[in-house]
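Asks: So that you have it, the file is coords_22.txt, and it contains compact mmCIF, C-alpha atoms:
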# COMPACT_ATOMS: atom_id res chain seq x y z
CA MET F 1 28.65 24.17 110.04
CA ASN F 2 30.39 22.91 113.17
CA ALA F 3 32.84 25.59 114.29
CA THR F 4 34.59 23.54 116.98
CA PRO F 5 38.25 22.77 116.24
CA ILE F 6 39.36 19.42 114.86
CA VAL F 7 41.89 17.77 117.16
CA ALA F 8 44.21 14.93 116.15
CA VAL F 9 44.48 12.58 119.14
CA THR F 10 47.52 10.32 119.11
CA MET F 11 47.21 6.95 120.87
CA GLY F 12 50.64 7.02 122.54
CA ASP F 13 52.50 3.85 123.47
CA GLY F 14 50.13 0.98 122.73
CA ALA F 15 51.48 -1.05 125.65
CA GLY F 16 50.61 1.70 128.12
CA VAL F 17 47.40 3.35 129.27
CA GLY F 18 47.14 5.58 126.18
CA PRO F 19 44.62 3.47 124.23
CA GLU F 20 42.35 3.19 127.29
CA ILE F 21 42.22 6.86 128.17
CA VAL F 22 41.96 7.93 124.52
CA VAL F 23 39.02 5.69 123.64
CA GLU F 24 37.09 6.79 126.71
CA ALA F 25 37.93 10.49 126.41
CA VAL F 26 36.99 10.95 122.76
CA VAL F 27 33.41 9.79 123.39
CA SER F 28 33.00 11.94 126.50
CA PRO F 29 30.20 14.51 126.16
CA ASP F 30 32.50 17.08 127.78
CA VAL F 31 34.98 16.60 124.94
CA LEU F 32 32.47 16.42 122.11
CA ALA F 33 30.94 19.69 123.27
CA VAL F 34 34.16 21.60 122.56
CA CYS F 35 36.02 19.80 119.74
CA ARG F 36 35.93 17.17 116.99
CA PRO F 37 38.51 14.48 117.82
CA VAL F 38 40.14 12.16 115.28
CA VAL F 39 42.30 9.37 116.72
CA VAL F 40 45.59 8.43 115.07
CA GLY F 41 46.53 4.96 116.25
CA ASP F 42 45.73 1.27 115.85
CA LEU F 43 42.12 0.14 115.52
CA ALA F 44 42.65 -3.31 117.03
CA ARG F 45 44.26 -1.88 120.15
CA LEU F 46 41.52 0.72 120.53
CA ARG F 47 38.89 -2.02 120.30
CA GLN F 48 40.69 -3.96 123.04
CA ALA F 49 40.87 -0.82 125.17
CA ALA F 50 37.17 -0.10 124.65
CA ALA F 51 36.32 -3.61 125.85
CA ILE F 52 38.52 -3.20 128.93
CA ARG F 53 36.93 0.16 129.79
CA GLY F 54 33.39 -0.88 128.93
CA VAL F 55 33.13 1.89 126.33
CA ASP F 56 30.23 1.42 123.92
CA ALA F 57 31.46 2.96 120.68
CA THR F 58 31.45 2.31 116.96
CA PHE F 59 34.71 2.78 115.09
CA ASN F 60 34.96 4.48 111.70
CA VAL F 61 38.28 3.87 109.94
CA VAL F 62 39.38 6.78 107.74
CA ALA F 63 42.39 7.00 105.46
CA ASP F 64 42.95 10.65 106.34
CA VAL F 65 41.77 12.96 109.10
CA ALA F 66 40.01 15.00 106.42
CA ASP F 67 37.68 12.01 105.86
CA ALA F 68 36.35 11.95 109.44
CA THR F 69 32.56 12.11 109.74
CA PHE F 70 32.19 13.21 113.40
CA GLN F 71 28.99 11.28 114.05
CA ASP F 72 27.56 10.81 117.52
CA GLY F 73 28.77 7.59 119.13
CA VAL F 74 31.40 7.01 116.45
CA VAL F 75 35.16 7.16 116.95
CA ASP F 76 36.95 8.28 113.77
CA VAL F 77 40.30 6.48 113.53
CA VAL F 78 43.26 6.81 111.20
CA ASP F 79 44.35 3.17 111.60
CA LEU F 80 48.08 2.72 110.99
CA GLY F 81 47.89 -1.01 111.85
CA LEU F 82 51.39 -1.17 113.31
CA LEU F 83 50.82 -3.23 116.46
CA PRO F 84 50.44 -7.00 116.73
CA GLU F 85 47.08 -7.96 118.23
CA ASP F 86 48.83 -9.95 120.96
CA LEU F 87 51.03 -7.03 122.11
CA PRO F 88 51.33 -7.45 125.90
CA TRP F 89 50.01 -4.66 128.09
CA GLY F 90 52.48 -3.05 130.46
CA ARG F 91 55.70 -4.26 128.84
CA LEU F 92 58.29 -2.20 127.01
CA SER F 93 58.18 -2.84 123.27
CA PRO F 94 60.31 -1.37 120.46
CA VAL F 95 57.40 -2.00 118.09
CA ALA F 96 55.10 0.09 120.28
CA GLY F 97 57.81 2.76 120.57
CA ASP F 98 58.11 3.05 116.80
CA ALA F 99 54.33 3.07 116.40
CA ALA F 100 54.00 5.92 118.92
CA PHE F 101 56.39 7.96 116.77
CA GLN F 102 54.44 7.20 113.62
CA TYR F 103 51.17 8.38 115.20
CA ILE F 104 52.85 11.69 116.00
CA ARG F 105 54.30 11.95 112.49
CA VAL F 106 50.89 11.51 110.87
CA ALA F 107 49.27 14.01 113.26
CA CYS F 108 51.98 16.58 112.52
CA GLU F 109 51.50 16.12 108.78
CA ALA F 110 47.77 16.74 109.22
CA ALA F 111 48.48 19.85 111.27
CA MET F 112 50.95 21.24 108.75
CA ALA F 113 48.39 20.67 106.00
CA GLY F 114 45.78 22.63 107.95
CA LYS F 115 43.51 19.61 108.43
CA VAL F 116 43.50 19.86 112.23
CA GLN F 117 43.74 22.85 114.52
CA ALA F 118 45.35 21.09 117.49
CA ILE F 119 47.11 17.90 118.54
CA CYS F 120 46.46 16.08 121.81
CA THR F 121 48.88 13.30 122.70
CA ALA F 122 48.55 10.26 124.94
CA PRO F 123 51.77 9.33 126.77
CA LEU F 124 54.69 7.58 125.15
CA ASN F 125 57.57 5.74 126.80
CA LYS F 126 60.97 7.30 126.09
CA GLU F 127 62.85 4.00 126.45
CA ALA F 128 60.50 2.27 124.03
CA LEU F 129 60.73 5.24 121.65
CA HIS F 130 64.51 5.00 121.63
CA ALA F 131 64.42 1.22 121.24
CA GLY F 132 62.15 1.77 118.24
CA GLY F 133 64.83 3.89 116.59
CA HIS F 134 63.69 7.42 117.44
CA VAL F 135 66.08 9.19 119.79
CA PHE F 136 64.29 12.23 121.16
CA PRO F 137 64.20 13.46 124.76
CA GLY F 138 60.41 13.55 124.58
CA HIS F 139 57.28 14.66 122.73
CA THR F 140 58.24 18.34 122.76
CA GLU F 141 61.48 17.96 120.85
CA MET F 142 59.96 15.44 118.45
CA LEU F 143 57.08 17.72 117.55
CA ALA F 144 59.42 20.65 116.98
CA GLU F 145 61.58 18.66 114.56
CA LEU F 146 58.64 17.17 112.68
CA MET F 147 57.08 20.61 112.22
CA GLY F 148 60.35 22.34 111.35
CA VAL F 149 60.36 24.66 114.35
CA ASP F 150 63.68 25.62 115.91
CA GLU F 151 62.41 26.49 119.36
CA VAL F 152 59.31 25.74 121.43
CA SER F 153 58.42 25.91 125.11
CA MET F 154 56.82 23.43 127.47
CA MET F 155 53.96 24.73 129.59
CA LEU F 156 52.30 22.85 132.43
CA SER F 157 48.77 23.92 133.26
CA THR F 158 46.55 23.18 136.25
CA ALA F 159 43.52 24.93 137.69
CA LYS F 160 45.77 26.68 140.26
CA LEU F 161 49.11 27.06 138.51
CA LYS F 162 50.56 27.53 135.03
CA VAL F 163 54.30 27.18 134.39
CA VAL F 164 56.35 27.64 131.22
CA HIS F 165 59.95 26.40 131.08
CA VAL F 166 63.04 28.13 129.73
CA THR F 167 64.89 24.79 129.60
CA THR F 168 63.56 21.25 129.95
CA HIS F 169 65.21 17.92 129.21
CA VAL F 170 68.85 18.68 129.95
CA GLY F 171 71.03 18.27 133.01
CA LEU F 172 71.02 21.07 135.56
CA ILE F 173 74.55 22.27 134.75
CA ASP F 174 73.68 22.35 131.04
CA ALA F 175 70.42 24.13 131.77
CA VAL F 176 72.17 26.97 133.59
CA ALA F 177 74.64 27.26 130.72
CA ARG F 178 71.84 27.49 128.15
CA ILE F 179 69.86 30.20 129.89
CA GLU F 180 70.48 33.60 128.31
CA PRO F 181 68.43 36.82 127.96
CA GLY F 182 67.12 36.10 124.46
CA LEU F 183 65.84 32.65 125.43
CA VAL F 184 64.25 34.05 128.58
CA GLU F 185 62.51 36.80 126.57
CA ARG F 186 61.23 34.38 123.90
CA THR F 187 59.90 32.01 126.56
CA ILE F 188 58.05 34.86 128.27
CA ARG F 189 56.56 35.87 124.92
CA ARG F 190 55.39 32.34 124.07
CA GLY F 191 53.80 31.95 127.48
CA ASN F 192 52.14 35.35 127.26
CA GLU F 193 50.71 34.61 123.81
CA ALA F 194 49.32 31.25 124.94
CA LEU F 195 47.43 32.89 127.81
CA VAL F 196 46.18 35.70 125.60
CA ARG F 197 44.84 33.11 123.14
CA ALA F 198 43.14 31.36 126.06
CA GLY F 199 41.21 34.52 126.88
CA ASN F 200 43.43 36.40 129.36
CA PRO F 201 44.25 39.69 127.59
CA HIS F 202 46.80 40.90 130.17
CA PRO F 203 48.50 37.98 131.96
CA LYS F 204 50.64 38.75 135.00
CA ILE F 205 53.86 36.76 134.67
CA GLY F 206 56.38 35.98 137.39
CA VAL F 207 59.88 34.98 136.29
CA ALA F 208 61.84 32.68 138.59
CA ALA F 209 65.48 33.12 139.53
CA ILE F 210 68.07 30.38 139.24
CA ASN F 211 69.73 30.73 142.64
CA PRO F 212 68.23 30.68 146.15
CA HIS F 213 66.82 34.08 147.17
CA ALA F 214 67.40 35.25 143.57
CA GLY F 215 71.12 35.35 144.33
CA GLU F 216 70.67 37.80 147.22
CA ASN F 217 72.88 40.49 145.68
CA GLY F 218 75.72 38.14 144.83
CA LEU F 219 75.68 36.06 148.02
CA PHE F 220 74.55 32.97 146.10
CA GLY F 221 75.73 32.08 142.63
CA TYR F 222 77.76 34.14 140.21
CA GLY F 223 75.42 36.91 139.14
CA GLU F 224 73.29 34.70 136.87
CA GLU F 225 70.12 36.63 137.65
CA ALA F 226 71.54 39.96 136.52
CA GLU F 227 73.38 38.51 133.54
CA LYS F 228 71.04 35.83 132.19
CA ILE F 229 67.48 36.66 133.29
CA ALA F 230 66.90 40.34 134.08
CA PRO F 231 67.67 41.67 130.56
CA GLY F 232 65.15 39.23 129.05
CA VAL F 233 62.48 40.32 131.50
CA GLU F 234 63.15 43.97 130.75
CA ALA F 235 62.94 43.37 126.99
CA ALA F 236 59.54 41.71 127.40
CA ARG F 237 58.33 44.53 129.66
CA ALA F 238 59.46 47.11 127.12
CA ASP F 239 57.03 45.50 124.67
CA GLY F 240 54.10 45.81 127.07
CA ILE F 241 54.19 42.34 128.63
CA ASP F 242 53.47 42.37 132.38
CA ALA F 243 56.47 40.30 133.49
CA VAL F 244 58.24 40.64 136.85
CA GLY F 245 61.51 39.11 137.97
CA PRO F 246 63.81 37.41 138.54
CA LEU F 247 62.07 36.44 141.79
CA PRO F 248 63.02 33.81 144.40
CA ALA F 249 61.43 30.62 143.08
CA ASP F 250 60.07 29.34 146.39
CA THR F 251 58.22 32.59 147.11
CA LEU F 252 57.09 32.98 143.50
CA PHE F 253 55.39 29.59 143.38
CA PHE F 254 53.61 30.31 146.65
CA LEU F 255 52.35 33.65 145.32
CA ALA F 256 51.29 32.13 141.99
CA GLY F 257 49.48 29.32 143.78
CA ARG F 258 47.32 31.82 145.62
CA GLY F 259 46.56 33.73 142.42
CA ASP F 260 48.99 36.65 142.38
CA TYR F 261 50.48 35.52 139.04
CA ASP F 262 48.81 33.93 136.02
CA LEU F 263 52.02 32.27 134.82
CA VAL F 264 55.40 31.33 136.25
CA VAL F 265 58.46 31.19 134.00
CA ALA F 266 60.67 28.42 135.41
CA MET F 267 64.34 28.20 134.53
CA TYR F 268 64.73 24.41 134.47
CA HIS F 269 62.71 21.20 134.44
CA ASP F 270 62.37 20.26 138.09
CA GLN F 271 61.94 23.85 139.23
CA GLY F 272 58.70 23.98 137.27
CA HIS F 273 57.54 20.37 137.38
CA GLY F 274 57.90 19.86 141.12
CA PRO F 275 55.27 22.38 142.27
CA VAL F 276 52.82 21.25 139.56
CA LYS F 277 53.12 17.60 140.45
CA VAL F 278 52.63 18.32 144.14
CA LEU F 279 49.13 19.39 143.08
CA GLY F 280 48.58 15.93 141.58
CA ILE F 281 49.76 14.54 138.24
CA GLU F 282 46.17 13.84 137.19
CA ALA F 283 45.40 17.57 137.47
CA GLY F 284 48.09 18.72 135.05
CA VAL F 285 48.11 19.23 131.30
CA ASN F 286 51.31 19.52 129.27
CA ILE F 287 51.14 22.17 126.53
CA THR F 288 53.69 22.83 123.79
CA VAL F 289 53.69 26.49 122.77
CA GLY F 290 55.51 27.85 119.74
CA LEU F 291 54.33 25.22 117.23
CA PRO F 292 52.18 26.10 114.21
CA VAL F 293 49.28 24.49 116.12
CA ILE F 294 48.68 24.01 119.81
CA ARG F 295 49.64 20.66 121.32
CA THR F 296 48.42 19.39 124.67
CA SER F 297 49.01 16.18 126.57
CA VAL F 298 48.37 14.51 129.87
CA ASP F 299 51.09 15.20 132.42
CA HIS F 300 51.62 11.55 133.33
CA GLY F 301 53.42 8.61 131.80
CA THR F 302 52.47 5.30 130.23
CA ALA F 303 51.73 3.73 133.66
CA PHE F 304 52.80 0.24 132.59
CA ASP F 305 51.94 -1.06 136.07
CA ILE F 306 48.20 -0.55 135.49
CA ALA F 307 48.01 -0.69 131.67
CA GLY F 308 45.29 -3.01 130.42
CA THR F 309 43.52 -3.15 133.79
CA GLY F 310 40.99 -0.38 133.24
CA LYS F 311 42.24 1.51 136.30
CA ALA F 312 43.78 4.54 134.54
CA ASP F 313 42.11 7.87 135.32
CA VAL F 314 40.74 9.50 132.18
CA ALA F 315 40.29 12.95 133.76
CA SER F 316 43.65 14.37 132.63
CA MET F 317 43.06 13.24 129.03
CA ILE F 318 39.67 14.91 129.00
CA GLU F 319 41.22 18.09 130.40
CA ALA F 320 44.03 17.95 127.82
CA LEU F 321 41.45 17.76 125.03
CA ARG F 322 39.43 20.57 126.58
CA GLN F 323 42.49 22.83 126.74
CA ALA F 324 43.47 21.89 123.17
CA ALA F 325 40.05 23.09 122.05
CA GLU F 326 40.29 26.23 124.17
CA LEU F 327 43.66 27.25 122.76
CA ALA F 328 43.03 26.26 119.14
CA PRO F 329 41.63 28.49 116.39
CA THR F 330 38.22 27.40 115.14
CA SER F 331 39.00 27.85 111.46
CA GLY F 332 41.24 25.73 109.29
CA ALA F 333 43.82 28.49 109.11
CA MET F 334 47.05 27.75 110.87
CA SER F 335 48.30 30.15 113.51
CA GLN F 336 51.73 31.60 112.96
CA SER F 337 54.53 29.89 114.78
CA GLN F 338 56.15 31.92 117.50
CA GLY F 339 59.40 30.17 116.60
CA ALA F 340 62.84 31.20 117.59
How does the structure come out when it is put into structure tokens?

Replies:
Amino acid sequence: MNATPIVAVTMGDGAGVGPEIVVEAVVSPDVLAVCRPVVVGDLARLRQAAAIRGVDATFNVVADVADATFQDGVVDVVDLGLLPEDLPWGRLSPVAGDAAFQYIRVACEAAMAGKVQAICTAPLNKEALHAGGHVFPGHTEMLAELMGVDEVSMMLSTAKLKVVHVTTHVGLIDAVARIEPGLVERTIRRGNEALVRAGNPHPKIGVAAINPHAGENGLFGYGEEAEKIAPGVEAARADGIDAVGPLPADTLFFLAGRGDYDLVVAMYHDQGHGPVKVLGIEAGVNITVGLPVIRTSVDHGTAFDIAGTGKADVASMIEALRQAAELAPTSGAMSQSQGA
């Protein structure tokens, strides 16, 4: 019996590069060696994408992910049939935005039923998502609501650097207001557990400060480090987690980049995303930790400017699938949510 995890792969926004990178990635030998992918999307669009990419594949339409056959050279597809065949590539579409939501909904239902052990998502377009009637800041918040989880964390992963975020899609002033010791501690714990599941039994975690120079003893800011961050770090340390901080963010990212830390805990979106994207968007994988199953994604957008041209790089999608397999359990049993 094949022990590799089953991964639901959502097609993303059908007007973007998602269909192209999905159809090529799921037939990659590197992917098939580590997991059993089932695509949730639109068959007609996947066929178009396969023709654009020159992918030689047979498509097997299944009514449910549990019906997938996982045969060599065959792409198992849960075909929702939501997109018109003449949907333009590279143009914002409310229909595509709604469809992208529905792919996620079906994948989440499969995960909650224990039919898949991980979800890997192709990019969606937030404006199209909203135009399609689904007002979420992004994938992370959508997945949490659909799976009934109050709190999750976003982790970005590259070969050189891993970053988990205390806050994400909020303005900077709101982010600082939201940061508090309990949230910092829970974020550290979720990041630690993700690395332990990935095979690192004792991750070394660096926790970033909010202010320059970590506040420099009150010279910068209003004591946020001592009030909002330090107690959360100490609570995690008291439970045996090797977390250090709050540390000046600029120095911390340098040290983590050279290997001194396995994970950086960033306080807000751009603090964590900036250093990762300097390494190259194609190198990064977006991971949601705290869900009942692991979720990974490429760390790039729908790339409307090159959608339908065959130019999109599939490497990040392959890496996202590889990390989904690495972090997922190999049995049908669901892992416990780390929750709030």

Asks: Give me the residues near range 293-295 of chain F as a PDB file with C-alpha atoms, in the coordinates of the input, where near means some atom within 7 Å (using only C-alpha atoms) and where sequence neighbours in that chain fewer than 2 positions away do not count.

Replies:
ATOM      1  CA  ALA F 111      48.480  19.850 111.270  1.00  0.00           C
ATOM      2  CA  GLN F 117      43.740  22.850 114.520  1.00  0.00           C
ATOM      3  CA  ALA F 118      45.350  21.090 117.490  1.00  0.00           C
ATOM      4  CA  ILE F 119      47.110  17.900 118.540  1.00  0.00           C
ATOM      5  CA  CYS F 120      46.460  16.080 121.810  1.00  0.00           C
ATOM      6  CA  ILE F 287      51.140  22.170 126.530  1.00  0.00           C
ATOM      7  CA  THR F 288      53.690  22.830 123.790  1.00  0.00           C
ATOM      8  CA  VAL F 289      53.690  26.490 122.770  1.00  0.00           C
ATOM      9  CA  LEU F 291      54.330  25.220 117.230  1.00  0.00           C
ATOM     10  CA  SER F 297      49.010  16.180 126.570  1.00  0.00           C
ATOM     11  CA  ALA F 324      43.470  21.890 123.170  1.00  0.00           C
ATOM     12  CA  LEU F 327      43.660  27.250 122.760  1.00  0.00           C
ATOM     13  CA  ALA F 328      43.030  26.260 119.140  1.00  0.00           C
ATOM     14  CA  MET F 334      47.050  27.750 110.870  1.00  0.00           C
ATOM     15  CA  SER F 335      48.300  30.150 113.510  1.00  0.00           C
TER      16      SER F 335
END

Asks: Excluding Asp270 in chain F and residues on its chain fewer than 3 positions from it, collect all residues at most 10 Å away from it, counting all atoms listed in the file, and give them as a PyMOL selection string.

Replies: chain F and resi 165+167-169+172+266-267+273-277

Asks: To one decimal in Å, tell me the separation between CA of Gly290 in chain F and CA of Asp13 in chain F.

Replies: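 Between these atoms lies a distance of 24.5 Å.
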
Asks: Looking at all atoms listed in the file, which of F:Pro231, F:Gly14, F:Gly221, F:Gly54 is the one that sits closest to Leu183 in chain F?

Replies: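 Closest to Leu183 in chain F, using all atoms listed in the file: F:Pro231.
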
Asks: At what distance in Å, to one decimal, does CA of His300 in chain F lie from CA of Ile318 in chain F?

Replies: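 Atom-to-atom, CA of Ile318 in chain F to CA of His300 in chain F, that is 13.1 Å.
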
Asks: Hey, which of F:Pro123, F:Gly73, F:Gly232, F:Gly272 ends up closest to Ser316 in chain F? Count all atoms listed in the file.

Replies: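 Closest residue, counting all atoms listed in the file: F:Pro123.
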
Asks: Show me, as JSON, numbers by chain, the residues that have an atom within 8 Å of range 199-210 of chain F when counting only C-alpha atoms, minus same-chain residues fewer than 5 positions from it.

Replies: {"F": [176, 188, 192, 215, 224, 225, 229, 233, 241, 242, 243, 244, 245, 246, 247, 248, 249, 252, 256, 260, 261, 262, 263, 264, 265, 266, 267]}
